[in-house]
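Trainee: Data: final_20.pdb, PDB, C-alpha atoms and all ligand atoms.
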```
ATOM      1  CA  MET Y  11     -10.454 -13.040  13.384  1.00  0.00           C
ATOM      2  CA  LEU Y  12      -9.832 -10.688  10.500  1.00  0.00           C
ATOM      3  CA  ARG Y  13      -6.635  -9.923   8.642  1.00  0.00           C
ATOM      4  CA  LEU Y  14      -6.659  -6.210   7.934  1.00  0.00           C
ATOM      5  CA  PHE Y  15      -4.616  -3.417   6.435  1.00  0.00           C
ATOM      6  CA  VAL Y  16      -5.211   0.249   5.670  1.00  0.00           C
ATOM      7  CA  ALA Y  17      -4.343   1.390   2.160  1.00  0.00           C
ATOM      8  CA  LEU Y  18      -5.084   3.654  -0.745  1.00  0.00           C
ATOM      9  CA  ALA Y  19      -7.054   1.901  -3.461  1.00  0.00           C
ATOM     10  CA  LEU Y  20      -6.033   2.871  -6.982  1.00  0.00           C
ATOM     11  CA  PRO Y  21      -8.504   3.790  -9.730  1.00  0.00           C
ATOM     12  CA  PRO Y  22      -8.680   1.457 -12.760  1.00  0.00           C
ATOM     13  CA  GLU Y  23      -6.853   3.914 -15.076  1.00  0.00           C
ATOM     14  CA  ILE Y  24      -3.844   3.962 -12.790  1.00  0.00           C
ATOM     15  CA  ARG Y  25      -3.973   0.227 -12.271  1.00  0.00           C
ATOM     16  CA  SER Y  26      -3.730  -0.269 -16.017  1.00  0.00           C
ATOM     17  CA  GLU Y  27      -0.849   2.202 -16.299  1.00  0.00           C
ATOM     18  CA  VAL Y  28       1.006   0.312 -13.594  1.00  0.00           C
ATOM     19  CA  ALA Y  29       0.055  -3.048 -15.122  1.00  0.00           C
ATOM     20  CA  GLY Y  30       1.895  -1.937 -18.244  1.00  0.00           C
ATOM     21  CA  LEU Y  31       5.087  -2.369 -16.232  1.00  0.00           C
ATOM     22  CA  ALA Y  32       4.498  -6.032 -15.474  1.00  0.00           C
ATOM     23  CA  GLY Y  33       6.567  -8.618 -17.276  1.00  0.00           C
ATOM     24  CA  GLY Y  34      10.113  -9.106 -18.361  1.00  0.00           C
ATOM     25  CA  ILE Y  35      11.662 -10.770 -15.318  1.00  0.00           C
ATOM     26  CA  PRO Y  36      11.867 -14.569 -15.383  1.00  0.00           C
ATOM     27  CA  GLY Y  37      10.747 -16.119 -12.101  1.00  0.00           C
ATOM     28  CA  ALA Y  38       8.956 -12.983 -10.885  1.00  0.00           C
ATOM     29  CA  LYS Y  39       5.498 -13.381  -9.360  1.00  0.00           C
ATOM     30  CA  TRP Y  40       3.512 -10.387 -10.595  1.00  0.00           C
ATOM     31  CA  VAL Y  41       0.746  -8.976  -8.420  1.00  0.00           C
ATOM     32  CA  PRO Y  42      -2.639  -9.105 -10.204  1.00  0.00           C
ATOM     33  CA  PRO Y  43      -3.634  -5.499 -11.104  1.00  0.00           C
ATOM     34  CA  ASP Y  44      -6.848  -5.834  -9.066  1.00  0.00           C
ATOM     35  CA  ASN Y  45      -4.635  -6.203  -6.004  1.00  0.00           C
ATOM     36  CA  TYR Y  46      -2.539  -3.063  -6.510  1.00  0.00           C
ATOM     37  CA  HIS Y  47      -2.744  -0.745  -3.509  1.00  0.00           C
ATOM     38  CA  LEU Y  48      -0.552   1.587  -1.510  1.00  0.00           C
ATOM     39  CA  THR Y  49      -0.352   0.325   2.069  1.00  0.00           C
ATOM     40  CA  LEU Y  50      -0.621   2.955   4.782  1.00  0.00           C
ATOM     41  CA  ARG Y  51      -0.561   0.510   7.688  1.00  0.00           C
ATOM     42  CA  PHE Y  52      -0.497  -3.276   7.887  1.00  0.00           C
ATOM     43  CA  ILE Y  53      -2.601  -4.410  10.853  1.00  0.00           C
ATOM     44  CA  GLY Y  54      -2.612  -8.211  10.577  1.00  0.00           C
ATOM     45  CA  GLU Y  55      -4.929 -10.650  12.327  1.00  0.00           C
ATOM     46  CA  ILE Y  56      -7.185  -9.108  14.913  1.00  0.00           C
ATOM     47  CA  GLU Y  57     -10.336 -10.068  16.799  1.00  0.00           C
ATOM     48  CA  ASN Y  58     -13.628  -8.759  15.438  1.00  0.00           C
ATOM     49  CA  TRP Y  59     -14.264  -6.526  18.461  1.00  0.00           C
ATOM     50  CA  ARG Y  60     -10.858  -4.943  17.993  1.00  0.00           C
ATOM     51  CA  ALA Y  61     -11.559  -4.466  14.291  1.00  0.00           C
ATOM     52  CA  GLN Y  62     -14.607  -2.470  15.349  1.00  0.00           C
ATOM     53  CA  GLU Y  63     -12.378  -0.246  17.485  1.00  0.00           C
ATOM     54  CA  VAL Y  64      -9.998   0.160  14.561  1.00  0.00           C
ATOM     55  CA  ASP Y  65     -12.884   1.190  12.329  1.00  0.00           C
ATOM     56  CA  ASP Y  66     -14.116   3.714  14.927  1.00  0.00           C
ATOM     57  CA  ALA Y  67     -10.617   5.164  15.289  1.00  0.00           C
ATOM     58  CA  LEU Y  68     -10.093   5.464  11.528  1.00  0.00           C
ATOM     59  CA  ALA Y  69     -13.488   7.102  11.125  1.00  0.00           C
ATOM     60  CA  MET Y  70     -12.393   9.897  13.491  1.00  0.00           C
ATOM     61  CA  ILE Y  71      -9.440  10.863  11.290  1.00  0.00           C
ATOM     62  CA  ARG Y  72      -9.788  14.206   9.562  1.00  0.00           C
ATOM     63  CA  GLY Y  73      -7.493  14.106   6.554  1.00  0.00           C
ATOM     64  CA  HIS Y  74      -7.300  16.030   3.324  1.00  0.00           C
ATOM     65  CA  ALA Y  75      -7.580  14.946  -0.277  1.00  0.00           C
ATOM     66  CA  PHE Y  76      -4.377  15.110  -2.304  1.00  0.00           C
ATOM     67  CA  ASP Y  77      -2.860  14.164  -5.632  1.00  0.00           C
ATOM     68  CA  LEU Y  78      -0.856  10.977  -5.711  1.00  0.00           C
ATOM     69  CA  SER Y  79       1.897  10.643  -8.308  1.00  0.00           C
ATOM     70  CA  LEU Y  80       3.380   7.215  -8.731  1.00  0.00           C
ATOM     71  CA  ARG Y  81       6.869   7.301 -10.131  1.00  0.00           C
ATOM     72  CA  GLY Y  82      10.001   5.238 -10.413  1.00  0.00           C
ATOM     73  CA  VAL Y  83      10.546   1.643  -9.408  1.00  0.00           C
ATOM     74  CA  GLY Y  84      12.614   0.118  -6.632  1.00  0.00           C
ATOM     75  CA  THR Y  85      13.118  -2.972  -4.506  1.00  0.00           C
ATOM     76  CA  PHE Y  86      12.939  -4.060  -0.885  1.00  0.00           C
ATOM     77  CA  ASP Y  87      15.271  -6.666   0.427  1.00  0.00           C
ATOM     78  CA  LYS Y  88      15.364  -8.876   3.467  1.00  0.00           C
ATOM     79  CA  ALA Y  89      18.651 -10.161   4.851  1.00  0.00           C
ATOM     80  CA  GLY Y  90      20.484  -8.922   1.779  1.00  0.00           C
ATOM     81  CA  ARG Y  91      18.163 -10.677  -0.646  1.00  0.00           C
ATOM     82  CA  ILE Y  92      15.813  -8.775  -2.941  1.00  0.00           C
ATOM     83  CA  GLN Y  93      12.221  -9.700  -2.109  1.00  0.00           C
ATOM     84  CA  SER Y  94       9.852  -7.333  -3.809  1.00  0.00           C
ATOM     85  CA  LEU Y  95       9.684  -4.908  -6.686  1.00  0.00           C
ATOM     86  CA  TRP Y  96       7.543  -1.804  -6.407  1.00  0.00           C
ATOM     87  CA  VAL Y  97       6.488   1.468  -7.963  1.00  0.00           C
ATOM     88  CA  GLY Y  98       7.256   4.434  -5.732  1.00  0.00           C
ATOM     89  CA  ALA Y  99       5.241   7.540  -4.905  1.00  0.00           C
ATOM     90  CA  GLU Y 100       6.405  11.117  -5.185  1.00  0.00           C
ATOM     91  CA  ARG Y 101       6.981  12.747  -1.815  1.00  0.00           C
ATOM     92  CA  ASN Y 102       3.764  14.291  -0.567  1.00  0.00           C
ATOM     93  CA  ASP Y 103       3.353  15.929   2.840  1.00  0.00           C
ATOM     94  CA  THR Y 104      -0.418  15.363   2.917  1.00  0.00           C
ATOM     95  CA  LEU Y 105       0.121  11.644   2.377  1.00  0.00           C
ATOM     96  CA  THR Y 106       2.835  11.491   5.057  1.00  0.00           C
ATOM     97  CA  HIS Y 107       0.607  13.396   7.432  1.00  0.00           C
ATOM     98  CA  LEU Y 108      -2.322  11.055   6.786  1.00  0.00           C
ATOM     99  CA  GLN Y 109      -0.140   8.021   7.412  1.00  0.00           C
ATOM    100  CA  GLY Y 110       1.026   9.561  10.701  1.00  0.00           C
ATOM    101  CA  LYS Y 111      -2.560  10.156  11.812  1.00  0.00           C
ATOM    102  CA  ILE Y 112      -3.467   6.551  11.025  1.00  0.00           C
ATOM    103  CA  GLU Y 113      -0.470   5.266  12.968  1.00  0.00           C
ATOM    104  CA  THR Y 114      -1.372   7.421  15.988  1.00  0.00           C
ATOM    105  CA  ALA Y 115      -5.035   6.390  15.849  1.00  0.00           C
ATOM    106  CA  LEU Y 116      -4.146   2.696  15.735  1.00  0.00           C
ATOM    107  CA  GLN Y 117      -1.671   2.940  18.585  1.00  0.00           C
ATOM    108  CA  ARG Y 118      -4.371   4.664  20.638  1.00  0.00           C
ATOM    109  CA  VAL Y 119      -6.610   1.639  20.294  1.00  0.00           C
ATOM    110  CA  GLY Y 120      -3.771  -0.557  21.464  1.00  0.00           C
ATOM    111  CA  LEU Y 121      -2.017  -1.834  18.342  1.00  0.00           C
ATOM    112  CA  PRO Y 122       1.749  -2.157  18.695  1.00  0.00           C
ATOM    113  CA  PRO Y 123       3.699   0.598  16.904  1.00  0.00           C
ATOM    114  CA  GLU Y 124       4.881  -0.045  13.359  1.00  0.00           C
ATOM    115  CA  ARG Y 125       8.650  -0.171  13.489  1.00  0.00           C
ATOM    116  CA  LYS Y 126       9.321   0.215   9.780  1.00  0.00           C
ATOM    117  CA  ARG Y 127       9.620   3.706   8.406  1.00  0.00           C
ATOM    118  CA  PHE Y 128       6.796   4.603   6.011  1.00  0.00           C
ATOM    119  CA  SER Y 129       7.966   4.155   2.473  1.00  0.00           C
ATOM    120  CA  PRO Y 130       4.999   4.634   0.134  1.00  0.00           C
ATOM    121  CA  HIS Y 131       4.952   2.098  -2.665  1.00  0.00           C
ATOM    122  CA  VAL Y 132       2.739  -0.147  -4.756  1.00  0.00           C
ATOM    123  CA  THR Y 133       4.083  -3.688  -4.899  1.00  0.00           C
ATOM    124  CA  LEU Y 134       4.432  -4.957  -8.458  1.00  0.00           C
ATOM    125  CA  ALA Y 135       6.002  -8.364  -7.961  1.00  0.00           C
ATOM    126  CA  ARG Y 136       7.688 -10.786  -5.611  1.00  0.00           C
ATOM    127  CA  VAL Y 137      11.138 -11.344  -7.040  1.00  0.00           C
ATOM    128  CA  ASP Y 138      12.904 -13.522  -4.482  1.00  0.00           C
ATOM    129  CA  ARG Y 139      13.216 -16.289  -7.093  1.00  0.00           C
ATOM    130  CA  ALA Y 140      14.262 -14.055  -9.960  1.00  0.00           C
ATOM    131  CA  PRO Y 141      17.888 -13.694 -11.089  1.00  0.00           C
ATOM    132  CA  LEU Y 142      19.416 -10.627  -9.456  1.00  0.00           C
ATOM    133  CA  ASP Y 143      20.905  -9.243 -12.687  1.00  0.00           C
ATOM    134  CA  LYS Y 144      17.474  -9.328 -14.355  1.00  0.00           C
ATOM    135  CA  VAL Y 145      15.892  -7.430 -11.467  1.00  0.00           C
ATOM    136  CA  VAL Y 146      18.661  -4.833 -11.492  1.00  0.00           C
ATOM    137  CA  ALA Y 147      18.335  -4.375 -15.260  1.00  0.00           C
ATOM    138  CA  TYR Y 148      14.565  -4.037 -14.908  1.00  0.00           C
ATOM    139  CA  VAL Y 149      14.891  -1.314 -12.272  1.00  0.00           C
ATOM    140  CA  GLN Y 150      17.330   0.601 -14.459  1.00  0.00           C
ATOM    141  CA  ALA Y 151      15.081   0.290 -17.493  1.00  0.00           C
ATOM    142  CA  HIS Y 152      11.932   1.490 -15.687  1.00  0.00           C
ATOM    143  CA  ASN Y 153      13.301   4.087 -13.348  1.00  0.00           C
ATOM    144  CA  LEU Y 154      11.758   6.958 -15.266  1.00  0.00           C
ATOM    145  CA  PHE Y 155       8.242   5.546 -15.036  1.00  0.00           C
ATOM    146  CA  ARG Y 156       5.629   8.159 -14.157  1.00  0.00           C
ATOM    147  CA  ALA Y 157       1.904   7.544 -13.836  1.00  0.00           C
ATOM    148  CA  THR Y 158      -0.751  10.204 -14.388  1.00  0.00           C
ATOM    149  CA  PRO Y 159      -1.361  11.915 -11.012  1.00  0.00           C
ATOM    150  CA  VAL Y 160      -4.545  10.737  -9.358  1.00  0.00           C
ATOM    151  CA  SER Y 161      -6.780  12.569  -6.913  1.00  0.00           C
ATOM    152  CA  VAL Y 162      -7.078  10.609  -3.649  1.00  0.00           C
ATOM    153  CA  GLN Y 163     -10.346  11.334  -1.867  1.00  0.00           C
ATOM    154  CA  HIS Y 164     -10.543   8.494   0.604  1.00  0.00           C
ATOM    155  CA  PHE Y 165      -8.523   5.780   2.265  1.00  0.00           C
ATOM    156  CA  THR Y 166      -9.704   2.233   2.783  1.00  0.00           C
ATOM    157  CA  LEU Y 167      -9.686  -0.520   5.386  1.00  0.00           C
ATOM    158  CA  PHE Y 168      -9.093  -3.777   3.513  1.00  0.00           C
ATOM    159  CA  SER Y 169      -9.482  -7.333   4.660  1.00  0.00           C
ATOM    160  CA  SER Y 170      -7.109  -9.871   3.227  1.00  0.00           C
ATOM    161  CA  ARG Y 171      -7.620 -13.573   2.720  1.00  0.00           C
ATOM    162  CA  LEU Y 172      -4.500 -15.463   1.851  1.00  0.00           C
ATOM    163  CA  GLY Y 173      -5.023 -17.434  -1.326  1.00  0.00           C
ATOM    164  CA  LYS Y 174      -2.929 -20.074  -3.041  1.00  0.00           C
ATOM    165  CA  GLU Y 175      -2.035 -17.918  -6.029  1.00  0.00           C
ATOM    166  CA  ALA Y 176      -2.740 -14.391  -4.809  1.00  0.00           C
ATOM    167  CA  SER Y 177      -4.372 -12.950  -1.712  1.00  0.00           C
ATOM    168  CA  VAL Y 178      -7.913 -11.676  -2.025  1.00  0.00           C
ATOM    169  CA  TYR Y 179      -8.275  -8.112  -0.806  1.00  0.00           C
ATOM    170  CA  THR Y 180     -11.733  -6.773  -0.009  1.00  0.00           C
ATOM    171  CA  PRO Y 181     -12.413  -3.094   0.669  1.00  0.00           C
ATOM    172  CA  GLU Y 182     -14.391  -3.127   3.922  1.00  0.00           C
ATOM    173  CA  VAL Y 183     -14.743   0.578   4.795  1.00  0.00           C
ATOM    174  CA  GLU Y 184     -13.853   3.794   2.954  1.00  0.00           C
ATOM    175  CA  TYR Y 185     -12.989   6.916   4.946  1.00  0.00           C
ATOM    176  CA  ASP Y 186     -13.506  10.219   3.166  1.00  0.00           C
ATOM    177  CA  LEU Y 187     -10.838  12.866   3.016  1.00  0.00           C
ATOM    178  CA  ALA Y 188     -11.923  16.504   3.047  1.00  0.00           C
ATOM    179  CA  ALA Y 189     -11.824  18.328  -0.267  1.00  0.00           C
ATOM    180  CA  ARG Y 190      -9.122  20.936  -0.590  1.00  0.00           C
ATOM    181  CA  ALA Y 191     -10.168  24.545  -0.359  1.00  0.00           C
ATOM    182  CA  ALA Y 192     -10.333  26.206  -3.781  1.00  0.00           C
ATOM    183  CA  ALA Y 193      -7.172  28.131  -4.527  1.00  0.00           C
TER     184      ALA Y 193
HETATM  185  O1  LIG Y 201       1.810  -3.070   0.366  1.00  0.00           O
HETATM  186  P1  LIG Y 201       2.706  -4.232   0.252  1.00  0.00           P
HETATM  187  O2  LIG Y 201       2.418  -5.081  -0.952  1.00  0.00           O
HETATM  188  O3  LIG Y 201       4.152  -3.896   0.412  1.00  0.00           O
HETATM  189  O4  LIG Y 201       3.160  -7.578   2.033  1.00  0.00           O
HETATM  190  C1  LIG Y 201       1.885  -7.194   2.461  1.00  0.00           C
HETATM  191  C2  LIG Y 201       1.348  -6.035   1.664  1.00  0.00           C
HETATM  192  O5  LIG Y 201       2.407  -5.108   1.524  1.00  0.00           O
HETATM  193  C3  LIG Y 201       1.982  -6.562   3.821  1.00  0.00           C
HETATM  194  O6  LIG Y 201       0.788  -5.831   3.936  1.00  0.00           O
HETATM  195  C4  LIG Y 201       0.338  -5.447   2.646  1.00  0.00           C
HETATM  196  C5  LIG Y 201      -1.069  -5.910   2.424  1.00  0.00           C
HETATM  197  O7  LIG Y 201      -1.146  -7.297   2.612  1.00  0.00           O
HETATM  198  N1  LIG Y 201       2.143  -7.556   4.863  1.00  0.00           N
HETATM  199  C6  LIG Y 201       1.679  -8.811   4.880  1.00  0.00           C
HETATM  200  N2  LIG Y 201       2.047  -9.419   6.018  1.00  0.00           N
HETATM  201  C7  LIG Y 201       2.763  -8.521   6.726  1.00  0.00           C
HETATM  202  C8  LIG Y 201       3.400  -8.545   7.994  1.00  0.00           C
HETATM  203  N3  LIG Y 201       3.383  -9.616   8.764  1.00  0.00           N
HETATM  204  C9  LIG Y 201       2.828  -7.327   5.985  1.00  0.00           C
HETATM  205  N4  LIG Y 201       3.461  -6.225   6.425  1.00  0.00           N
HETATM  206  C10 LIG Y 201       4.060  -6.318   7.628  1.00  0.00           C
HETATM  207  N5  LIG Y 201       4.039  -7.427   8.395  1.00  0.00           N
END
```
Could you express the structure from this file as structure tokens?
Ligand code: 3AM
Mentor:
Amino acid sequence: MLRLFVALALPPEIRSEVAGLAGGIPGAKWVPPDNYHLTLRFIGEIENWRAQEVDDALAMIRGHAFDLSLRGVGTFDKAGRIQSLWVGAERNDTLTHLQGKIETALQRVGLPPERKRFSPHVTLARVDRAPLDKVVAYVQAHNLFRATPVSVQHFTLFSSRLGKEASVYTPEVEYDLAARAAA
């Protein structure tokens, strides 16, 4: 069995820009910068033969390169309780389109549809144990964050091993995106 997800890896320069945001909330569990990624589709535990089908399906996707601009911070909550803190991504039709193609490809090989609406983000921290007022103040203070735009030329199938401290994510396969035509 493999635990898999499809995501955009982030280049080291962007990881260090984002890492500059970490800190300042007592009780927060910050994601190690090596683990930063933008999830396109969480797959979960699947059999190896099915993982092969997933890989084949992803390899058929014809997507286009695009510029990714990370900006702003926000939170996700569960049952009214704030769970995670993230950096958002500027709206980008090429990214949305790519995510849609991945979703369609994975449903075609028999994975159940993702029910959650795609909300592109890079998780910064788990904050379920942090005081709410501190998280709110943090979001207000960092709302204007903007990273240098980065050119995305592939997407990646990652495997994930759950660790005690942090999960270990391993890029298994990279799928190239076609270069944009010169303007
Ligand atoms: O991209 P983020 O950090 O929001 O939380 C996990 C992480 O999300 C999420 O998949 C990404 C890579 O691990 N994840 C983990 N378990 C999940 C599950 N059961 C899940 N997403 C949905 N359902």
Trainee: Give the residues close to ligand LIG 201 (chain Y), within 8 Å, counting all atoms listed in the file; write them as a PDB file with C-alpha atoms, keeping the file's coordinate frame.
Mentor:
```pdb
ATOM      1  CA  LEU Y  14      -6.659  -6.210   7.934  1.00  0.00           C
ATOM      2  CA  PHE Y  15      -4.616  -3.417   6.435  1.00  0.00           C
ATOM      3  CA  ALA Y  17      -4.343   1.390   2.160  1.00  0.00           C
ATOM      4  CA  TYR Y  46      -2.539  -3.063  -6.510  1.00  0.00           C
ATOM      5  CA  HIS Y  47      -2.744  -0.745  -3.509  1.00  0.00           C
ATOM      6  CA  LEU Y  48      -0.552   1.587  -1.510  1.00  0.00           C
ATOM      7  CA  THR Y  49      -0.352   0.325   2.069  1.00  0.00           C
ATOM      8  CA  LEU Y  50      -0.621   2.955   4.782  1.00  0.00           C
ATOM      9  CA  ARG Y  51      -0.561   0.510   7.688  1.00  0.00           C
ATOM     10  CA  PHE Y  52      -0.497  -3.276   7.887  1.00  0.00           C
ATOM     11  CA  ILE Y  53      -2.601  -4.410  10.853  1.00  0.00           C
ATOM     12  CA  GLY Y  54      -2.612  -8.211  10.577  1.00  0.00           C
ATOM     13  CA  SER Y  94       9.852  -7.333  -3.809  1.00  0.00           C
ATOM     14  CA  TRP Y  96       7.543  -1.804  -6.407  1.00  0.00           C
ATOM     15  CA  HIS Y 131       4.952   2.098  -2.665  1.00  0.00           C
ATOM     16  CA  VAL Y 132       2.739  -0.147  -4.756  1.00  0.00           C
ATOM     17  CA  THR Y 133       4.083  -3.688  -4.899  1.00  0.00           C
ATOM     18  CA  LEU Y 134       4.432  -4.957  -8.458  1.00  0.00           C
ATOM     19  CA  SER Y 170      -7.109  -9.871   3.227  1.00  0.00           C
ATOM     20  CA  SER Y 177      -4.372 -12.950  -1.712  1.00  0.00           C
ATOM     21  CA  TYR Y 179      -8.275  -8.112  -0.806  1.00  0.00           C
TER      22      TYR Y 179
END
```
Trainee: Which residues fall under the PyMOL selection byres (((chain Y and resi 184) around 12) and not hetatm) in this file, as number ranges by chain?
Mentor: Y: 16-19, 65-66, 68-69, 71, 162-168, 180-183, 185-187
Trainee: Pick the closest to Y:Pro123 from Y:Pro159, Y:Gly110, Y:Gly84, Y:Pro22: which is it, counting only C-alpha atoms?
Mentor: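 Under the stated criterion, the closest residue is Y:Gly110.
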Trainee: Between Y:Val83, Y:Glu63, Y:Gly173, Y:Leu78, which residue has the minimum interatomic distance to Y:Ala147, considering only C-alpha atoms?
Mentor: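 Checking each of Y:Val83, Y:Glu63, Y:Gly173, Y:Leu78 against Y:Ala147, counting only C-alpha atoms, the winner is Y:Val83.
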Trainee: From the set Y:Leu80, Y:Ala188, Y:Ala38, Y:Ala151, which residue has the shortest atom-to-atom contact distance to Y:Thr104, counting only C-alpha atoms?
Mentor: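 Using only C-alpha atoms, Y:Thr104 sits closest to Y:Ala188.
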Trainee: Quick one: which residues end up in the PyMOL selection byres (((chain Y and resi 141) around 12) and not hetatm) for this structure, as a ChimeraX atom specification?
Mentor: /Y:34-38,91-93,136-140,142-148
Trainee: For the file shown, report as a list in words the outcome of the PyMOL selection byres (((chain Y and resi 12) around 8) and not hetatm) at residue level.
Mentor: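 What the PyMOL selection byres (((chain Y and resi 12) around 8) and not hetatm) grabs from the file is Met11, Arg13, Leu14, Gly54, Glu55, Ile56, Glu57, Asn58, Ala61, Ser169 and Ser170 of chain Y.
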Trainee: What is the distance, in Å and to one decimal place, between atom CA of Y:Arg156 and atom CA of Y:Arg127?
Mentor: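 Spanning atom CA of Y:Arg156 to atom CA of Y:Arg127 is a straight-line distance of 23.3 Å.
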Trainee: Kindly give the distance, in Å, that separates atom CA of Y:Ala32 and atom CA of Y:Phe155, rounded to a single decimal.
Mentor: 12.2 Å
Trainee: Listed atoms of stretch 52-68 of chain Y, axis-aligned box, 8 Å per side: centre and edge lengths to one decimal in Å, as AutoDock Vina command-line options?
Mentor:
```
--center_x -7.6 --center_y -2.6 --center_z 13.2 --size_x 30.1 --size_y 32.1 --size_z 26.6
```
Trainee: Work out how far apart atom CA of Y:Pro130 and atom CA of Y:His152 are and give it in Å to one decimal.
Mentor: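 Atom CA of Y:Pro130 sits 17.6 Å away from atom CA of Y:His152.
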Trainee: Could you give me, as JSON, numbers by chain, the residues that have an atom at most 12 Å away from the point (-3.1, -0.5, 20.5) in the coordinates of the file, using all atoms listed in the file?
Mentor: {"Y": [53, 56, 60, 61, 63, 64, 67, 112, 113, 114, 115, 116, 117, 118, 119, 120, 121, 122, 123, 124]}
Trainee: Just checking: using only C-alpha atoms, which residue out of Y:Ala135, Y:Leu20, Y:Val97, Y:Ala189 ends up closest to Y:Ala176?
Mentor: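 Comparing Y:Ala135, Y:Leu20, Y:Val97, Y:Ala189 against Y:Ala176, the winner is Y:Ala135.
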Trainee: Using only C-alpha atoms, find the one residue out of Y:His74, Y:Gln62, Y:Ser129, Y:Gly82 that sits nearest to Y:Gln150.
Mentor: Y:Gly82
